[in-house]
file run.cif (mmCIF, C-alpha atoms)
data_work
loop_
_atom_site.group_PDB
_atom_site.id
_atom_site.type_symbol
_atom_site.label_atom_id
_atom_site.label_comp_id
_atom_site.auth_asym_id
_atom_site.auth_seq_id
_atom_site.Cartn_x
_atom_site.Cartn_y
_atom_site.Cartn_z
ATOM 1 C CA MET T 1 93.566 90.218 64.207
ATOM 2 C CA SER T 2 94.612 93.798 64.925
ATOM 3 C CA VAL T 3 98.195 94.345 66.085
ATOM 4 C CA ASN T 4 99.655 97.578 67.438
ATOM 5 C CA THR T 5 103.372 97.751 66.606
ATOM 6 C CA ASP T 6 104.082 101.099 68.274
ATOM 7 C CA TYR T 7 105.467 99.555 71.465
ATOM 8 C CA GLU T 8 109.003 98.446 72.323
ATOM 9 C CA THR T 9 108.473 96.451 75.521
ATOM 10 C CA ILE T 10 104.980 95.002 75.094
ATOM 11 C CA LYS T 11 102.796 93.459 72.384
ATOM 12 C CA TYR T 12 99.228 94.660 71.829
ATOM 13 C CA ASP T 13 97.076 92.204 69.862
ATOM 14 C CA ILE T 14 93.278 92.260 69.406
ATOM 15 C CA SER T 15 91.388 89.211 68.172
ATOM 16 C CA ASP T 16 87.681 88.392 68.584
ATOM 17 C CA HIS T 17 87.227 91.452 70.853
ATOM 18 C CA ILE T 18 89.966 90.160 73.205
ATOM 19 C CA LEU T 19 93.062 92.291 73.706
ATOM 20 C CA THR T 20 96.185 90.369 74.688
ATOM 21 C CA ILE T 21 98.903 92.520 76.259
ATOM 22 C CA THR T 22 102.165 90.574 76.308
ATOM 23 C CA LEU T 23 105.223 91.777 78.212
ATOM 24 C CA ASN T 24 107.874 91.436 75.526
ATOM 25 C CA ARG T 25 111.428 91.483 76.830
ATOM 26 C CA PRO T 26 111.924 87.698 76.885
ATOM 27 C CA GLU T 27 115.716 87.951 76.827
ATOM 28 C CA LYS T 28 115.441 89.858 80.150
ATOM 29 C CA LEU T 29 112.631 87.658 81.533
ATOM 30 C CA ASN T 30 110.340 90.634 80.811
ATOM 31 C CA ALA T 31 111.957 92.699 83.561
ATOM 32 C CA PHE T 32 110.058 95.900 84.327
ATOM 33 C CA THR T 33 111.414 99.286 83.239
ATOM 34 C CA GLY T 34 110.172 102.849 83.130
ATOM 35 C CA LYS T 35 109.522 102.401 79.428
ATOM 36 C CA MET T 36 107.352 99.360 80.121
ATOM 37 C CA MET T 37 105.461 101.339 82.759
ATOM 38 C CA ALA T 38 104.630 104.080 80.255
ATOM 39 C CA GLU T 39 103.659 101.600 77.533
ATOM 40 C CA LEU T 40 101.374 99.593 79.810
ATOM 41 C CA ILE T 41 99.559 102.738 80.929
ATOM 42 C CA ASP T 42 99.171 103.822 77.307
ATOM 43 C CA ALA T 43 97.894 100.351 76.331
ATOM 44 C CA PHE T 44 95.149 100.490 78.955
ATOM 45 C CA ASP T 45 94.249 104.008 77.825
ATOM 46 C CA LYS T 46 93.834 102.707 74.272
ATOM 47 C CA ALA T 47 91.839 99.687 75.437
ATOM 48 C CA ASP T 48 89.348 101.771 77.396
ATOM 49 C CA ALA T 49 88.789 104.056 74.404
ATOM 50 C CA ASP T 50 88.290 101.170 71.945
ATOM 51 C CA ASP T 51 84.819 99.603 71.896
ATOM 52 C CA ASP T 52 86.238 96.675 69.917
ATOM 53 C CA VAL T 53 88.099 95.643 73.082
ATOM 54 C CA ARG T 54 85.732 93.843 75.434
ATOM 55 C CA ALA T 55 88.191 91.832 77.529
ATOM 56 C CA ILE T 56 91.928 92.018 78.270
ATOM 57 C CA ILE T 57 94.483 89.275 78.920
ATOM 58 C CA MET T 58 97.922 90.037 80.363
ATOM 59 C CA THR T 59 100.724 87.521 79.849
ATOM 60 C CA GLY T 60 104.454 87.337 79.150
ATOM 61 C CA ALA T 61 106.647 86.312 76.223
ATOM 62 C CA GLY T 62 109.068 83.452 76.716
ATOM 63 C CA ARG T 63 109.444 81.447 79.896
ATOM 64 C CA ALA T 64 108.656 84.202 82.437
ATOM 65 C CA PHE T 65 105.812 86.577 83.073
ATOM 66 C CA CYS T 66 108.043 89.189 84.695
ATOM 67 C CA ALA T 67 111.153 88.699 86.810
ATOM 68 C CA GLY T 68 110.575 91.995 88.604
ATOM 69 C CA ALA T 69 112.372 95.307 88.230
ATOM 70 C CA ASP T 70 115.239 95.427 85.750
ATOM 71 C CA LEU T 71 118.296 95.243 88.010
ATOM 72 C CA SER T 72 120.813 96.255 85.343
ATOM 73 C CA SER T 73 121.435 99.511 87.251
ATOM 74 C CA GLY T 74 122.690 97.519 90.203
ATOM 75 C CA ALA T 75 122.393 99.132 93.620
ATOM 76 C CA ALA T 76 120.831 102.242 92.062
ATOM 77 C CA THR T 77 117.822 100.261 90.787
ATOM 78 C CA PHE T 78 115.500 101.470 93.551
ATOM 79 C CA ASP T 79 117.137 104.872 94.089
ATOM 80 C CA TYR T 80 114.738 107.054 92.108
ATOM 81 C CA ALA T 81 117.024 110.063 92.381
ATOM 82 C CA LYS T 82 119.567 108.141 90.283
ATOM 83 C CA ARG T 83 117.143 106.563 87.810
ATOM 84 C CA THR T 84 117.269 107.635 84.173
ATOM 85 C CA ASP T 85 114.623 105.326 82.674
ATOM 86 C CA ARG T 86 111.508 107.062 83.975
ATOM 87 C CA PRO T 87 109.912 108.973 81.060
ATOM 88 C CA GLU T 88 108.396 111.595 83.354
ATOM 89 C CA LYS T 89 111.606 112.239 85.296
ATOM 90 C CA GLN T 90 112.304 115.980 85.245
ATOM 91 C CA GLY T 91 113.412 118.210 88.057
ATOM 92 C CA SER T 92 113.715 117.149 91.683
ATOM 93 C CA PRO T 93 111.342 116.510 94.599
ATOM 94 C CA VAL T 94 113.745 118.440 96.845
ATOM 95 C CA THR T 95 112.538 121.994 97.505
ATOM 96 C CA SER T 96 114.693 125.108 97.327
ATOM 97 C CA ASP T 97 115.206 125.017 101.091
ATOM 98 C CA GLY T 98 116.511 121.452 100.941
ATOM 99 C CA GLN T 99 113.352 119.755 102.240
ATOM 100 C CA MET T 100 111.841 116.649 100.642
ATOM 101 C CA ASP T 101 108.430 117.218 99.033
ATOM 102 C CA TRP T 102 106.823 113.814 99.484
ATOM 103 C CA SER T 103 103.768 114.843 97.450
ATOM 104 C CA ASN T 104 105.877 115.629 94.381
ATOM 105 C CA GLU T 105 104.953 113.530 91.326
ATOM 106 C CA LEU T 106 108.584 112.431 91.021
ATOM 107 C CA VAL T 107 108.271 110.460 94.257
ATOM 108 C CA ARG T 108 105.506 108.273 92.859
ATOM 109 C CA ASP T 109 106.168 104.576 92.445
ATOM 110 C CA GLY T 110 106.087 103.464 88.807
ATOM 111 C CA GLY T 111 104.493 100.117 89.597
ATOM 112 C CA GLY T 112 101.750 101.936 91.473
ATOM 113 C CA ARG T 113 101.034 104.056 88.424
ATOM 114 C CA VAL T 114 100.425 100.841 86.456
ATOM 115 C CA THR T 115 98.234 99.152 89.064
ATOM 116 C CA LEU T 116 96.145 102.289 89.514
ATOM 117 C CA ARG T 117 95.595 102.420 85.760
ATOM 118 C CA ILE T 118 94.485 98.784 85.711
ATOM 119 C CA TYR T 119 92.212 99.491 88.688
ATOM 120 C CA GLU T 120 90.567 102.298 86.680
ATOM 121 C CA CYS T 121 90.044 100.070 83.636
ATOM 122 C CA LEU T 122 86.520 99.643 82.226
ATOM 123 C CA LYS T 123 87.174 96.231 80.691
ATOM 124 C CA PRO T 124 87.586 92.884 82.518
ATOM 125 C CA VAL T 125 91.255 91.992 82.991
ATOM 126 C CA ILE T 126 92.513 88.401 83.159
ATOM 127 C CA ALA T 127 96.107 87.497 84.030
ATOM 128 C CA ALA T 128 97.723 84.434 82.451
ATOM 129 C CA ILE T 129 100.839 83.943 84.592
ATOM 130 C CA ASN T 130 103.004 81.862 82.271
ATOM 131 C CA GLY T 131 106.143 81.647 84.411
ATOM 132 C CA PRO T 132 108.064 83.393 87.199
ATOM 133 C CA ALA T 133 106.293 86.507 88.517
ATOM 134 C CA VAL T 134 108.420 88.301 91.081
ATOM 135 C CA GLY T 135 108.201 91.722 92.730
ATOM 136 C CA ILE T 136 106.408 94.108 90.380
ATOM 137 C CA GLY T 137 105.924 91.030 88.199
ATOM 138 C CA ILE T 138 103.225 89.858 90.604
ATOM 139 C CA THR T 139 102.050 93.102 92.207
ATOM 140 C CA MET T 140 101.073 94.558 88.822
ATOM 141 C CA LEU T 141 98.638 91.628 88.492
ATOM 142 C CA LEU T 142 96.817 92.192 91.787
ATOM 143 C CA PRO T 143 94.232 94.574 90.260
ATOM 144 C CA CYS T 144 93.447 92.009 87.558
ATOM 145 C CA ASP T 145 89.991 90.521 88.057
ATOM 146 C CA ILE T 146 90.984 86.882 87.575
ATOM 147 C CA ARG T 147 94.435 85.270 87.653
ATOM 148 C CA LEU T 148 95.247 81.947 85.984
ATOM 149 C CA ALA T 149 98.704 80.415 86.270
ATOM 150 C CA SER T 150 100.894 77.814 84.648
ATOM 151 C CA GLU T 151 101.778 74.847 86.824
ATOM 152 C CA GLU T 152 105.375 76.010 86.374
ATOM 153 C CA ALA T 153 104.749 79.560 87.596
ATOM 154 C CA ARG T 154 106.690 80.766 90.612
ATOM 155 C CA ILE T 155 105.678 83.849 92.560
ATOM 156 C CA GLY T 156 107.652 86.019 94.959
ATOM 157 C CA PHE T 157 106.888 89.105 97.023
ATOM 158 C CA VAL T 158 110.625 89.533 97.546
ATOM 159 C CA PHE T 159 110.787 93.171 98.636
ATOM 160 C CA ALA T 160 112.058 92.718 102.199
ATOM 161 C CA ARG T 161 114.867 90.530 100.855
ATOM 162 C CA ARG T 162 115.956 93.426 98.662
ATOM 163 C CA GLY T 163 115.841 95.921 101.526
ATOM 164 C CA ILE T 164 112.740 97.703 100.206
ATOM 165 C CA THR T 165 108.987 97.422 100.823
ATOM 166 C CA PRO T 166 105.977 96.157 98.865
ATOM 167 C CA GLU T 167 104.890 98.611 96.174
ATOM 168 C CA ALA T 168 102.380 99.002 93.344
ATOM 169 C CA CYS T 169 99.542 99.559 95.839
ATOM 170 C CA SER T 170 99.975 95.938 96.979
ATOM 171 C CA SER T 171 99.411 96.881 100.628
ATOM 172 C CA TRP T 172 95.828 97.677 99.528
ATOM 173 C CA PHE T 173 95.261 94.878 97.020
ATOM 174 C CA LEU T 174 97.019 91.828 98.465
ATOM 175 C CA PRO T 175 95.279 91.634 101.881
ATOM 176 C CA ARG T 176 91.922 92.065 100.167
ATOM 177 C CA LEU T 177 92.674 89.158 97.858
ATOM 178 C CA VAL T 178 94.253 86.626 100.220
ATOM 179 C CA GLY T 179 93.696 87.960 103.761
ATOM 180 C CA ILE T 180 96.048 89.910 106.010
ATOM 181 C CA SER T 181 97.817 86.903 107.546
ATOM 182 C CA GLN T 182 98.661 85.272 104.226
ATOM 183 C CA ALA T 183 99.707 88.608 102.734
ATOM 184 C CA LEU T 184 102.068 89.290 105.629
ATOM 185 C CA GLU T 185 103.581 85.800 105.572
ATOM 186 C CA TRP T 186 104.416 86.074 101.890
ATOM 187 C CA THR T 187 105.818 89.607 102.182
ATOM 188 C CA TYR T 188 107.662 89.003 105.481
ATOM 189 C CA THR T 189 109.471 85.909 104.228
ATOM 190 C CA GLY T 190 109.946 87.096 100.657
ATOM 191 C CA ARG T 191 110.257 83.477 99.597
ATOM 192 C CA ILE T 192 109.424 82.179 96.166
ATOM 193 C CA ILE T 193 106.165 80.249 96.344
ATOM 194 C CA PRO T 194 105.137 77.486 93.934
ATOM 195 C CA ALA T 195 102.012 77.750 91.837
ATOM 196 C CA GLN T 196 100.148 75.260 94.032
ATOM 197 C CA GLU T 197 100.650 77.439 97.114
ATOM 198 C CA ALA T 198 99.418 80.483 95.198
ATOM 199 C CA LEU T 199 96.306 78.487 94.307
ATOM 200 C CA ALA T 200 95.745 77.294 97.879
ATOM 201 C CA GLY T 201 96.217 80.855 99.162
ATOM 202 C CA GLY T 202 93.574 82.245 96.828
ATOM 203 C CA LEU T 203 95.945 84.337 94.730
ATOM 204 C CA VAL T 204 95.169 82.451 91.512
ATOM 205 C CA ARG T 205 91.922 80.909 90.306
ATOM 206 C CA SER T 206 93.309 77.796 88.553
ATOM 207 C CA LEU T 207 96.479 76.083 87.365
ATOM 208 C CA HIS T 208 97.088 74.864 83.832
ATOM 209 C CA LYS T 209 99.706 73.011 81.838
ATOM 210 C CA PRO T 210 102.023 75.580 80.230
ATOM 211 C CA ASP T 211 100.783 74.952 76.685
ATOM 212 C CA GLU T 212 97.133 75.170 77.795
ATOM 213 C CA LEU T 213 97.286 78.337 79.905
ATOM 214 C CA LEU T 214 96.622 80.958 77.246
ATOM 215 C CA ASP T 215 93.832 78.902 75.712
ATOM 216 C CA ALA T 216 92.164 78.705 79.128
ATOM 217 C CA ALA T 217 92.469 82.471 79.575
ATOM 218 C CA ARG T 218 91.044 83.081 76.106
ATOM 219 C CA ALA T 219 88.135 80.712 76.733
ATOM 220 C CA LEU T 220 87.277 82.599 79.904
ATOM 221 C CA ALA T 221 87.581 85.959 78.137
ATOM 222 C CA ALA T 222 85.426 84.693 75.257
ATOM 223 C CA GLU T 223 82.699 83.614 77.668
ATOM 224 C CA ILE T 224 82.518 87.204 78.895
ATOM 225 C CA VAL T 225 82.782 88.755 75.431
ATOM 226 C CA HIS T 226 80.052 86.641 73.855
ATOM 227 C CA ASN T 227 77.511 86.715 76.677
ATOM 228 C CA ALA T 228 77.804 89.948 78.665
ATOM 229 C CA ALA T 229 76.870 93.554 77.899
ATOM 230 C CA PRO T 230 80.014 95.750 77.797
ATOM 231 C CA VAL T 231 78.448 98.668 79.688
ATOM 232 C CA SER T 232 77.177 96.292 82.379
ATOM 233 C CA ILE T 233 80.686 94.827 82.701
ATOM 234 C CA ALA T 234 82.282 98.285 82.949
ATOM 235 C CA LEU T 235 79.885 99.289 85.716
ATOM 236 C CA THR T 236 80.171 95.963 87.536
ATOM 237 C CA ARG T 237 83.974 96.104 87.541
ATOM 238 C CA GLN T 238 84.090 99.559 89.095
ATOM 239 C CA MET T 239 81.224 98.818 91.509
ATOM 240 C CA PHE T 240 82.957 95.780 92.961
ATOM 241 C CA TRP T 241 86.481 97.181 93.172
ATOM 242 C CA ARG T 242 85.434 100.531 94.625
ATOM 243 C CA MET T 243 82.999 99.047 97.113
ATOM 244 C CA SER T 244 85.801 96.919 98.578
ATOM 245 C CA GLY T 245 86.829 100.039 100.485
ATOM 246 C CA ALA T 246 83.377 101.353 101.389
ATOM 247 C CA ASP T 247 82.598 101.901 105.068
ATOM 248 C CA HIS T 248 78.922 100.830 104.947
ATOM 249 C CA PRO T 249 76.686 98.743 102.624
ATOM 250 C CA MET T 250 74.576 101.872 102.077
ATOM 251 C CA GLU T 251 77.351 103.104 99.792
ATOM 252 C CA ALA T 252 76.848 100.009 97.646
ATOM 253 C CA HIS T 253 73.071 100.428 97.789
ATOM 254 C CA LYS T 254 73.365 103.950 96.398
ATOM 255 C CA ILE T 255 75.414 102.839 93.418
ATOM 256 C CA ASP T 256 73.504 99.590 92.868
ATOM 257 C CA SER T 257 70.240 101.542 92.784
ATOM 258 C CA ARG T 258 71.488 104.090 90.280
ATOM 259 C CA ALA T 259 73.085 101.432 88.101
ATOM 260 C CA ILE T 260 70.094 99.096 87.944
ATOM 261 C CA TYR T 261 67.696 102.018 87.413
ATOM 262 C CA SER T 262 69.702 103.405 84.509
ATOM 263 C CA ARG T 263 70.474 100.033 82.916
ATOM 264 C CA GLY T 264 66.905 98.826 83.281
ATOM 265 C CA ALA T 265 65.730 101.428 80.796
ATOM 266 C CA ALA T 266 68.604 100.892 78.364
ATOM 267 C CA ALA T 267 68.507 99.038 75.049
ATOM 268 C CA ASP T 268 70.799 96.344 76.440
ATOM 269 C CA ALA T 269 68.302 95.374 79.134
ATOM 270 C CA LYS T 270 65.517 95.011 76.578
ATOM 271 C CA GLU T 271 67.825 92.897 74.415
ATOM 272 C CA GLY T 272 69.002 90.803 77.364
ATOM 273 C CA VAL T 273 65.454 89.885 78.379
ATOM 274 C CA GLY T 274 64.250 89.470 74.800
ATOM 275 C CA SER T 275 67.098 87.168 73.803
ATOM 276 C CA PHE T 276 66.539 85.039 76.893
ATOM 277 C CA LEU T 277 62.820 84.635 76.208
ATOM 278 C CA GLU T 278 63.470 83.950 72.526
ATOM 279 C CA LYS T 279 66.280 81.495 73.331
ATOM 280 C CA ARG T 280 68.845 83.203 71.101
ATOM 281 C CA PRO T 281 72.232 84.866 71.660
ATOM 282 C CA ALA T 282 72.007 88.499 72.762
ATOM 283 C CA VAL T 283 73.335 91.303 70.582
ATOM 284 C CA PHE T 284 74.160 94.161 72.905
ATOM 285 C CA THR T 285 74.473 97.543 71.214
ATOM 286 C CA ASN T 286 75.285 99.961 74.065
ATOM 287 C CA LYS T 287 78.914 101.119 74.003
ATOM 288 C CA VAL T 288 81.257 101.958 76.850
ATOM 289 C CA SER T 289 82.561 104.950 74.904
ATOM 290 C CA GLN T 290 79.178 106.694 74.724
ATOM 291 C CA ASP T 291 76.483 104.941 76.784
ATOM 292 C CA MET T 292 77.717 105.020 80.363
ATOM 293 C CA PRO T 293 75.013 106.457 82.683
ATOM 294 C CA SER T 294 75.067 110.119 83.643
ATOM 295 C CA PHE T 295 76.016 109.396 87.275
ATOM 296 C CA PHE T 296 79.256 107.734 86.114
ATOM 297 C CA PRO T 297 81.845 108.227 87.466
ATOM 298 C CA TRP T 298 80.393 108.571 90.954
ATOM 299 C CA TRP T 299 83.741 109.030 92.675
ATOM 300 C CA GLN T 300 86.245 111.861 92.792
ATOM 301 C CA ASP T 301 89.710 111.169 91.459
ATOM 302 C CA ARG T 302 92.310 110.921 94.229
ATOM 303 C CA PRO T 303 95.298 113.215 93.669
ATOM 304 C CA TYR T 304 98.773 112.231 94.766
ATOM 305 C CA LYS T 305 99.138 114.620 97.704
#
call {"tool": "encode", "arguments": {"input": "run.cif", "output": "structure tokens"}}
result
Amino acid sequence: MSVNTDYETIKYDISDHILTITLNRPEKLNAFTGKMMAELIDAFDKADADDDVRAIIMTGAGRAFCAGADLSSGAATFDYAKRTDRPEKQGSPVTSDGQMDWSNELVRDGGGRVTLRIYECLKPVIAAINGPAVGIGITMLLPCDIRLASEEARIGFVFARRGITPEACSSWFLPRLVGISQALEWTYTGRIIPAQEALAGGLVRSLHKPDELLDAARALAAEIVHNAAPVSIALTRQMFWRMSGADHPMEAHKIDSRAIYSRGAAADAKEGVGSFLEKRPAVFTNKVSQDMPSFFPWWQDRPYK
């Protein structure tokens, strides 16, 4: 097992090609801070650059996944002009003539920075929701590919009850995952929903006894790690997420065609077919760090403007 000890608010453990990122402020129910934001983004940067990482699990230490934003600042918690815990906070988004510059980087939502980084990830991401997941504690998990939950998990999109709005790009992710009506009901009411309702609403894939949750997530991650080609997974992840906003299936056809053409001539494709015909496990050698096709990435990065 490889363990990164450079972080204060999260744990970063690699075992059997599976990275487990654990929110690690159990005494605060893993409440989200600016420091945690920066460390999560850095962790996903490291994971994408490390070919030893072939799947990622996100979970929490202790009895909660994440109780939401750290409210220790009281009423100033959501007043970014008064926040001191954001690592990038320098200067002011107010211009010299007193006008608000809404495109200034300082206006950006910290939870959104995390979800966008997970969205960009080249490795499959599985959430193991081990307990309460409220506010940013659940919206940060929306760009995960698969969500498993403990039977004791409780989930809340509580923003309207705190006088704010949904964040972390959840107005894009949540309706795509559960449908617009369900998304609006949960965000309008802001009520805490039990794990069974999250399952029925399509937010989570399965429920597990608390002491079996992480094993179930690891078994799912291992199935991917031991059977799928990493470059194929990286392409598939970005193809599916990015096509969810495409305006015509032709956009998917363009990318599908380029992907299957390029992968069909790659060593992994020869190995995938050969191992199947020879009835043996495949040994894929192409690496995400150096063997992505020349057309990748096919999109232009979106600036915050």
call {"tool": "residues_around", "arguments": {"input": "run.cif", "residues": "Asp16 of chain T", "least_positions_apart": "6", "cutoff": "10 Å", "atoms": "all atoms listed in the file", "output": "tab-separated table (two decimals) with C-alpha atoms, in the frame of the given file"}}
result
chain	number	residue	atom	x	y	z
T	1	MET	CA	93.57	90.22	64.21
T	2	SER	CA	94.61	93.80	64.92
T	52	ASP	CA	86.24	96.68	69.92
T	53	VAL	CA	88.10	95.64	73.08
T	54	ARG	CA	85.73	93.84	75.43
T	55	ALA	CA	88.19	91.83	77.53
T	218	ARG	CA	91.04	83.08	76.11
T	221	ALA	CA	87.58	85.96	78.14
T	222	ALA	CA	85.43	84.69	75.26
T	225	VAL	CA	82.78	88.76	75.43
T	226	HIS	CA	80.05	86.64	73.86
call {"tool": "closest_residue", "arguments": {"input": "run.cif", "among": "T:Gly68, T:Pro175, T:Gly201, T:Gly274", "to": "Gly156 of chain T", "atoms": "all atoms listed in the file"}}
result
T:Gly68
call {"tool": "closest_residue", "arguments": {"input": "run.cif", "among": "T:Leu142, T:Met243, T:Cys121, T:Leu235", "to": "Ser171 of chain T", "atoms": "only C-alpha atoms"}}
result
T:Leu142
call {"tool": "closest_atom_pairs", "arguments": {"input": "run.cif", "of": "segment 166-209 of chain T", "to": "segment 244-258 of chain T", "cutoff": "12 Å", "atoms": "only C-alpha atoms", "output": "tab-separated table"}}
result
residue	atom	partner	partner_atom	distance
T:Trp172	CA	T:Gly245	CA	9.4
T:Phe173	CA	T:Ser244	CA	9.8
T:Pro175	CA	T:Ser244	CA	11.3
T:Arg176	CA	T:Ser244	CA	8.0
T:Leu177	CA	T:Ser244	CA	10.4
call {"tool": "atom_distance", "arguments": {"input": "run.cif", "atom1": "atom CA of Thr139 of chain T", "atom2": "atom CA of Leu184 of chain T"}}
result
14.0 Å
call {"tool": "resolve_selection", "arguments": {"input": "run.cif", "expression": "the PyMOL selection byres ((chain T and resi 189) around 10)", "output": "NGL selection string"}}
result
:T and (156-161 or 184-188 or 190-192)
call {"tool": "build_atoms", "arguments": {"input": "run.cif", "residues": "segment 203-220 of chain T", "atoms": "N, CA and C atoms", "output": "compact mmCIF listing (two decimals), in the frame of the given file"}}
result
# COMPACT_ATOMS: atom_id res chain seq x y z
N LEU T 203 95.39 83.31 95.60
CA LEU T 203 95.94 84.34 94.73
C LEU T 203 95.59 84.08 93.26
N VAL T 204 95.54 82.80 92.88
CA VAL T 204 95.17 82.45 91.51
C VAL T 204 93.93 81.58 91.52
N ARG T 205 93.19 81.62 90.42
CA ARG T 205 91.92 80.91 90.31
C ARG T 205 92.12 79.46 89.91
N SER T 206 93.11 79.16 89.04
CA SER T 206 93.31 77.80 88.55
C SER T 206 94.71 77.65 87.99
N LEU T 207 95.18 76.40 87.93
CA LEU T 207 96.48 76.08 87.36
C LEU T 207 96.28 75.29 86.08
N HIS T 208 97.21 75.49 85.14
CA HIS T 208 97.09 74.86 83.83
C HIS T 208 98.46 74.41 83.33
N LYS T 209 98.46 73.40 82.49
CA LYS T 209 99.71 73.01 81.84
C LYS T 209 100.19 74.19 81.01
N PRO T 210 101.50 74.37 80.90
CA PRO T 210 102.02 75.58 80.23
C PRO T 210 101.43 75.83 78.85
N ASP T 211 101.28 74.75 78.05
CA ASP T 211 100.78 74.95 76.68
C ASP T 211 99.27 75.09 76.61
N GLU T 212 98.59 75.03 77.77
CA GLU T 212 97.13 75.17 77.80
C GLU T 212 96.68 76.44 78.50
N LEU T 213 97.63 77.17 79.08
CA LEU T 213 97.29 78.34 79.90
C LEU T 213 96.59 79.43 79.10
N LEU T 214 97.19 79.84 78.00
CA LEU T 214 96.62 80.96 77.25
C LEU T 214 95.27 80.58 76.64
N ASP T 215 95.13 79.34 76.23
CA ASP T 215 93.83 78.90 75.71
C ASP T 215 92.76 78.99 76.80
N ALA T 216 93.12 78.63 78.02
CA ALA T 216 92.16 78.70 79.13
C ALA T 216 91.78 80.15 79.41
N ALA T 217 92.76 81.05 79.35
CA ALA T 217 92.47 82.47 79.58
C ALA T 217 91.58 83.01 78.46
N ARG T 218 91.86 82.62 77.23
CA ARG T 218 91.04 83.08 76.11
C ARG T 218 89.62 82.53 76.19
N ALA T 219 89.48 81.28 76.61
CA ALA T 219 88.14 80.71 76.73
C ALA T 219 87.32 81.47 77.77
N LEU T 220 87.96 81.84 78.87
CA LEU T 220 87.28 82.60 79.90
C LEU T 220 86.91 83.99 79.39
